[in-house]
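Q: One structure, pasted below without further comment.
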Number of protein chains: 2
Amino acid sequence: MTAIAVDMKQLGVAAKAASRKLAVSQTAARNSALEGIARGLEAGEAEVLAANRQDIAAARASGLDEHIIDRMVLNRERVLAMAAACREIAALPDPVREVLEQRTLPNGLELQRVRVPLGVIGVIYESRPNVTIDITALCLKSGNGVILRGGKEAFNTNAVLARIARDAAEAAGLPPDCIQFIGSTDRALVGEMLAMDRYIDLLIPRGSAELVRFVGENATMPAVTGGVGVCHTYVDAAADLDKALRVVVNAKVERPTVCNAMDTLLVHSAVAERFLPLLAHEFGVSGVEMRADSRAMAALKDVASGQRVIPARADDFGTEFLALIAAVKVVDSMDEAMEHIAEFGSGHSEAIISEDKAAAERFLAEVDAAVVFANTSTYFNDGGQFGLGAEVAISTSKLHARGPMGLREIMTYKWVVRGDGQIRK
Amino acid sequence: MTAIAVDMKQLGVAAKAASRKLAVSQTAARNSALEGIARGLEAGEAEVLAANRQDIAAARASGLDEHIIDRMVLNRERVLAMAAACREIAALPDPVREVLEQRTLPNGLELQRVRVPLGVIGVIYESRPNVTIDITALCLKSGNGVILRGGKEAFNTNAVLARIARDAAEAAGLPPDCIQFIGSTDRALVGEMLAMDRYIDLLIPRGSAELVRFVGENATMPAVTGGVGVCHTYVDAAADLDKALRVVVNAKVERPTVCNAMDTLLVHSAVAERFLPLLAHEFGVSGVEMRADSRAMAALKDVASGQRVIPARADDFGTEFLALIAAVKVVDSMDEAMEHIAEFGSGHSEAIISEDKAAAERFLAEVDAAVVFANTSTYFNDGGQFGLGAEVAISTSKLHARGPMGLREIMTYKWVVRGDGQIRK
């Protein structure tokens with residue numbers, strides 16, 4: 001990579017001006033740009049992969065963790081998946097200028113509430129280059145400008161991807177400045193970006209909990225709060241234990257490194273002695289370590305010593321493990337489970353397993369989280385699964401957007417009032 | 001008033017715990033509490049007015065501005081108006097647990113997005129005691145707990161009003177701790193309140209632009225941004241000048257001290273020479289001072305010297321006057337008007353007067369503000385006028401809520417997923 005002096009203010013001004021044009025652009029132009037990105041990716045595959053090989057080689061040379069390098073690697077399949085994502089987003093209904101409500105007031109004023117873009121979205125992300133295309137496509141579709149700051153490891157890859165997107169926007173008659181890629185990896189520019197509340201309407205941090213926290217604390221503009229999921233599953237006294245087993249294993253094992261994976265299992269004391277040994281067996285097969293409170297340890301006393309069952313420390317509760325680890329606690333009532341969740345949960349994904357409909361409904365009503373589940377896996381907390389078409393983040397904020405954020409969650413609304421000389425007395 | 005040591009943390013814990021019960025309370029209980037407040041106000045009128053007289057006497061003795069005292073004064077009519085507001089809010093449909101969307105996913109999961117309370121709303125307000133009742137009523141209806149911090153001048157009045165509200169909540173079977181009135185005027189408690197992000201989900205500053213700014217800069221929880229309206233009206237070349245005159249005078253004169261009053265008039269050069277002298281006459285009658293740019297001054301050169309027309313200084317543009325003053329500027333195109341609004345507006349209320357439908361529609365689409373108006377007065381930006389039932393604030397933020405904030409704007413949603421053992425692969 002080369003050291004280029006980037007004038008962040010100029011970049012912000014250009015993005016803001018272009019976003020105003022994009023906000024009033026036609027549906028067809030935005031969809032045509034999305035199709036153009038898909039074609040650009042297909043035609044530019046060799047160039048994308050060459051830039052990616054350059055990034056990978058540099059990353060290996062600098063001794064970067066293979067785990068991170070793995071996220072950076074593109075291949076033909078992954079490039080085509082990005083193109084397919086653009087076409088899927090193009091096929092969604094246009095959310096721009098959607099009329100959310102309208103009525104005629106008694107004085108004849110025509111009142112409308114209309115969905116409109118936020119303006120410019122800033123995105124700070126880490127090693128996955130597909131974020132460049134995914135977020136750009138969502139911003140184009142929703143009429144938002146975007147300022148992209150990707151991880152330095154994937155700089156060359158991201159630069160090529162952003163150029164393909166800008167070219168496609170221009171070819172579709174849209175201002176290419178609505179897509180801004182920060183052409184330098186200088187860390188100081190992140191600080192400048194976080195101060196640009198005049199030009200960036202919403203900042204989305206995509207990556208580690210640390211990044212999300214840093215952005216939340218330092219951004220002058222609103223930022224998405226999310227990314228940290230301390231997720232609980234409560235197995236009730238009235239649970240169907242077969243279902244519970246299937247769901248708990250899915251929530252923990254299927255993809256342990258994501259925010260919607262289960263971290264803490266709460267088990268009612270009436271079923272702990274039957275359920276926990278069954279679970280320990282399944283968890284043993286999948287290599288999950290159980291960190292059990294004293295009552296759970298007692299229920300697991302006869303489990304084969306080969307299983308990974310160790311006593312929980314106090315700070316295991318409230319921890320997001322992002323690994324094949326589960327904290328386990330026995331409770332005497334659903335109230336105790338809900339108290340535990342209120343104290344230790346992060347408001348992300350919380351589940352109950354119970355055949356007692358009244359208990360399940362009480363849990364769903366009383367637990368305060370972005371997504372609450374009955375008899376299914378927290379791993380379903382996902383914009384794609386919910387049919388939102390795509391997802392930029394999962395918000396744990398209660399304001400603006402809660403849970404999976406798709407197209408409409410990166411938009412706002414305005415009130416439009418059409419009159420004929422009415423005045424208010 | 002007495003100096004009482006207030007344990008803010010305890011107050012926050014109590015509000016949060018009570019708010020959880022309120023969130024799952026029945027519609028009838030919340031409406032009964034609202035009716036109870038109305039009756040409490042009617043029955044307690046003498047006590048309310050006695051406390052108010054005490055506050056007024058103390059305010060006069062301390063030499064407080066009569067303008068502020070005027071806002072503090074209660075009388076029979078104002079107390080009955082508060083009672084009526086409670087009954088109006090009780091009559092609104094219950095927004096709590098309203099299902100905003102629902103669908104069955106292909107795997108059989110039942111997905112719902114449900115409107116729920118935010119939790120606890122903190123309100124910091126100044127001299128008007130009716131805010132105590134208005135906001136408490138809106139919070140009760142929406143299932144939110146509330147922590148009230150009123151202006152010290154009206155402390156005794158607010159204390160009586162809050163007690164009436166708590167008694168009514170309790171009589172309706174709701175936890176009275178969902179209504180917390182800070183029983184001390186110690187200024188340090190405001191700082192403590194702004195740090196209570198664990199117990200307050202949204203902070204609403206009601207009062208001066210200075211208060212709003214202070215809260216925005218210092219609150220650790222989300223706060224409503226609003227209160228500052230630098231509002232423009234653009235009189236287009238194709239304006240009906242009779243309508244323009246009527247609307248501009250209404251927007252400036254009817255209630256100049258509120259945020260939705262017009263501050264800057266932009267006039268197309270094609271009509272400036274006809275329109276501005278007519279307006280100067282009307283503004284002269286109403287005592288409005290015109291601060292005119294050089295071209296507007298030229299158009300006004302023949303206006304009788306008795307009218308208040310003076311040359312504008314640069315900083316008159318972008319100023320919220322809150323008084324009978326209007327900045328006036330002549331522009332050569334709608335684009336120039338929209339550029340001016342983009343630079344100097346606060347995203348609050350912006351209007352165009354034009355019979356050219358295409359021009360009006362372009363203005364409505366392109367101007368980025370909470371409320372945009374064609375051929376009517378910015379003074380209509382109001383929750384009551386829009387039929388929202390009531391209003392806690394007018395937001396100029398683009399996130400969460402934009403424009404008048406009624407009941408649903410102090411609420412959030414949660415996703416509820418009901419399954420039968422489904423797992424995600």
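In the structure tokens, chains take the letters A, B, ... in the order shown, each chain's residues start at 1, and ligands count up from 1 in the order shown.
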Give as number ranges by chain every residue of chain A that touches chain B within 7 Å, counting only C-alpha atoms.

A: A: 24, 118, 243, 247, 250, 254, 364-366, 369-377, 379-380, 398-400, 402, 412-425

Q: Can you write just those residues out, C-alpha atoms, as a short mmCIF file (atom, residue, chain, number, x, y, z; two decimals), in the first residue's frame?

A:
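Ended up saving to part.cif:
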data_model
loop_
_atom_site.label_atom_id
_atom_site.label_comp_id
_atom_site.auth_asym_id
_atom_site.auth_seq_id
_atom_site.Cartn_x
_atom_site.Cartn_y
_atom_site.Cartn_z
CA VAL A 24 -33.72 11.61 -5.33
CA LEU A 118 -30.32 8.91 6.26
CA LYS A 243 -36.23 -30.22 21.73
CA VAL A 247 -31.92 -26.31 20.26
CA ASN A 250 -27.56 -25.72 17.76
CA GLU A 254 -23.39 -24.47 14.91
CA LEU A 364 -41.39 -13.48 25.69
CA ALA A 365 -43.28 -10.51 27.14
CA GLU A 366 -41.06 -9.77 30.13
CA ALA A 369 -33.99 -7.96 24.49
CA ALA A 370 -33.81 -7.24 20.77
CA VAL A 371 -35.01 -10.75 19.96
CA VAL A 372 -36.75 -13.20 22.29
CA PHE A 373 -37.28 -16.82 21.29
CA ALA A 374 -39.54 -19.63 22.45
CA ASN A 375 -38.52 -23.19 21.63
CA THR A 376 -35.91 -22.29 19.08
CA SER A 377 -32.29 -21.31 18.71
CA TYR A 379 -28.69 -18.53 16.21
CA PHE A 380 -31.79 -17.47 14.20
CA LYS A 398 -33.36 0.32 21.88
CA LEU A 399 -33.49 3.50 19.86
CA HIS A 400 -33.89 3.68 16.10
CA ARG A 402 -33.35 -3.09 17.41
CA THR A 412 -35.16 7.61 8.28
CA TYR A 413 -38.42 9.35 7.42
CA LYS A 414 -39.59 12.84 6.81
CA TRP A 415 -42.98 14.44 7.18
CA VAL A 416 -44.33 16.05 4.02
CA VAL A 417 -47.21 18.52 4.28
CA ARG A 418 -48.99 19.77 1.16
CA GLY A 419 -51.33 22.71 1.55
CA ASP A 420 -53.10 25.42 -0.36
CA GLY A 421 -52.47 28.48 1.76
CA GLN A 422 -53.70 27.07 5.11
CA ILE A 423 -52.62 28.95 8.20
CA ARG A 424 -52.74 27.92 11.86
CA LYS A 425 -54.51 30.04 14.43
#

Q: Could you tell me, as a ChimeraX atom specification, which residues of segment 30-188 of chain A DSSP assigns to strand (DSSP E) when given the backbone?

A: /A:99-104,110-117,120-125,145-149,179-181

Q: So that I have them on file, write out the residues from the current selection with N, CA and C atoms, as a short mmCIF file (atom, residue, chain, number, x, y, z; two decimals), in the first residue's frame.

A:
data_model
loop_
_atom_site.label_atom_id
_atom_site.label_comp_id
_atom_site.auth_asym_id
_atom_site.auth_seq_id
_atom_site.Cartn_x
_atom_site.Cartn_y
_atom_site.Cartn_z
N VAL A 99 -44.28 5.54 1.16
CA VAL A 99 -45.18 6.31 2.03
C VAL A 99 -45.59 5.42 3.20
N LEU A 100 -45.18 5.80 4.41
CA LEU A 100 -45.42 4.97 5.59
C LEU A 100 -46.80 5.21 6.18
N GLU A 101 -47.28 6.45 6.06
CA GLU A 101 -48.66 6.73 6.47
C GLU A 101 -49.07 8.03 5.81
N GLN A 102 -50.35 8.21 5.62
CA GLN A 102 -50.82 9.47 5.08
C GLN A 102 -52.25 9.72 5.50
N ARG A 103 -52.56 11.00 5.68
CA ARG A 103 -53.94 11.34 5.97
C ARG A 103 -54.19 12.81 5.62
N THR A 104 -55.46 13.12 5.45
CA THR A 104 -55.85 14.50 5.21
C THR A 104 -56.34 15.07 6.53
N GLU A 110 -52.58 17.88 3.42
CA GLU A 110 -52.28 16.48 3.09
C GLU A 110 -50.97 16.11 3.78
N LEU A 111 -51.06 15.21 4.73
CA LEU A 111 -49.90 14.85 5.54
C LEU A 111 -49.39 13.47 5.13
N GLN A 112 -48.09 13.38 4.89
CA GLN A 112 -47.48 12.08 4.59
C GLN A 112 -46.24 11.89 5.43
N ARG A 113 -46.00 10.64 5.80
CA ARG A 113 -44.72 10.29 6.41
C ARG A 113 -44.03 9.38 5.41
N VAL A 114 -42.86 9.79 4.95
CA VAL A 114 -42.21 9.16 3.82
C VAL A 114 -40.83 8.63 4.23
N ARG A 115 -40.52 7.40 3.83
CA ARG A 115 -39.21 6.84 4.15
C ARG A 115 -38.16 7.46 3.23
N VAL A 116 -37.09 7.95 3.80
CA VAL A 116 -36.01 8.57 3.02
C VAL A 116 -34.67 8.08 3.55
N PRO A 117 -33.62 8.22 2.74
CA PRO A 117 -32.29 7.80 3.21
C PRO A 117 -31.84 8.65 4.39
N VAL A 120 -25.48 9.96 4.63
CA VAL A 120 -24.21 9.26 4.40
C VAL A 120 -23.96 8.31 5.58
N ILE A 121 -23.65 7.06 5.25
CA ILE A 121 -23.34 6.05 6.26
C ILE A 121 -21.82 5.85 6.27
N GLY A 122 -21.23 5.94 7.43
CA GLY A 122 -19.81 5.61 7.56
C GLY A 122 -19.67 4.18 8.07
N VAL A 123 -18.76 3.43 7.49
CA VAL A 123 -18.58 2.04 7.93
C VAL A 123 -17.11 1.80 8.24
N ILE A 124 -16.85 1.31 9.43
CA ILE A 124 -15.49 0.93 9.81
C ILE A 124 -15.51 -0.57 10.03
N TYR A 125 -14.72 -1.29 9.22
CA TYR A 125 -14.78 -2.74 9.31
C TYR A 125 -13.39 -3.32 9.34
N GLY A 145 -25.34 7.65 0.67
CA GLY A 145 -23.93 7.65 0.37
C GLY A 145 -23.19 6.80 1.40
N VAL A 146 -21.97 6.37 1.07
CA VAL A 146 -21.23 5.53 2.02
C VAL A 146 -19.76 5.93 2.02
N ILE A 147 -19.17 5.95 3.20
CA ILE A 147 -17.73 6.17 3.35
C ILE A 147 -17.17 4.91 3.99
N LEU A 148 -16.27 4.25 3.27
CA LEU A 148 -15.78 2.94 3.67
C LEU A 148 -14.38 3.02 4.24
N ARG A 149 -14.21 2.45 5.40
CA ARG A 149 -12.88 2.34 5.98
C ARG A 149 -12.66 0.88 6.36
N ILE A 179 -19.97 6.79 -3.28
CA ILE A 179 -19.20 5.68 -2.70
C ILE A 179 -17.78 6.17 -2.49
N GLN A 180 -17.40 6.34 -1.26
CA GLN A 180 -16.07 6.85 -0.93
C GLN A 180 -15.29 5.78 -0.19
N PHE A 181 -14.14 5.46 -0.76
CA PHE A 181 -13.24 4.51 -0.10
C PHE A 181 -12.03 5.30 0.39
#

Q: What's around Ala195 of chain A at 10 Å? Count only C-alpha atoms, leave out sequence neighbours fewer than 5 positions away in its own chain, and write the answer as JSON, numbers by chain.

A: {"A": [189, 190, 200, 218, 219, 220, 221]}

Q: Would you please work out which residue, of A:Leu266, A:Ile310, A:Leu388, A:Leu241, is nearest to Lys329 of chain A when using only C-alpha atoms?

A: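 That would be A:Leu266, the residue with the smallest distance to Lys329 of chain A.
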
Q: Using only C-alpha atoms for the distances, tell me which of B:Asp335, B:Glu98, B:Asp302, B:Asp134 is nearest to Glu391 of chain B.

A: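 Under the stated criterion, the closest residue is B:Asp134.
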
Q: If you measure from atom CA of Gly151 of chain B to atom CA of Gly384 of chain B, what distance in Å do you get, rounded to one decimal?

A: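 Those two atoms sit 24.4 Å apart.
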
Q: From the options A:Ala171, A:Val328, A:Ala51, A:Ala270, which residue's atoms come nearest to Arg39 of chain A, counting only C-alpha atoms?

A: A:Ala171

Q: Work out how far apart atom CA of Glu210 of chain A and atom CA of Arg187 of chain A are and give it in Å to one decimal.

A: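 About the pair atom CA of Glu210 of chain A and atom CA of Arg187 of chain A: they are 15.6 Å apart.
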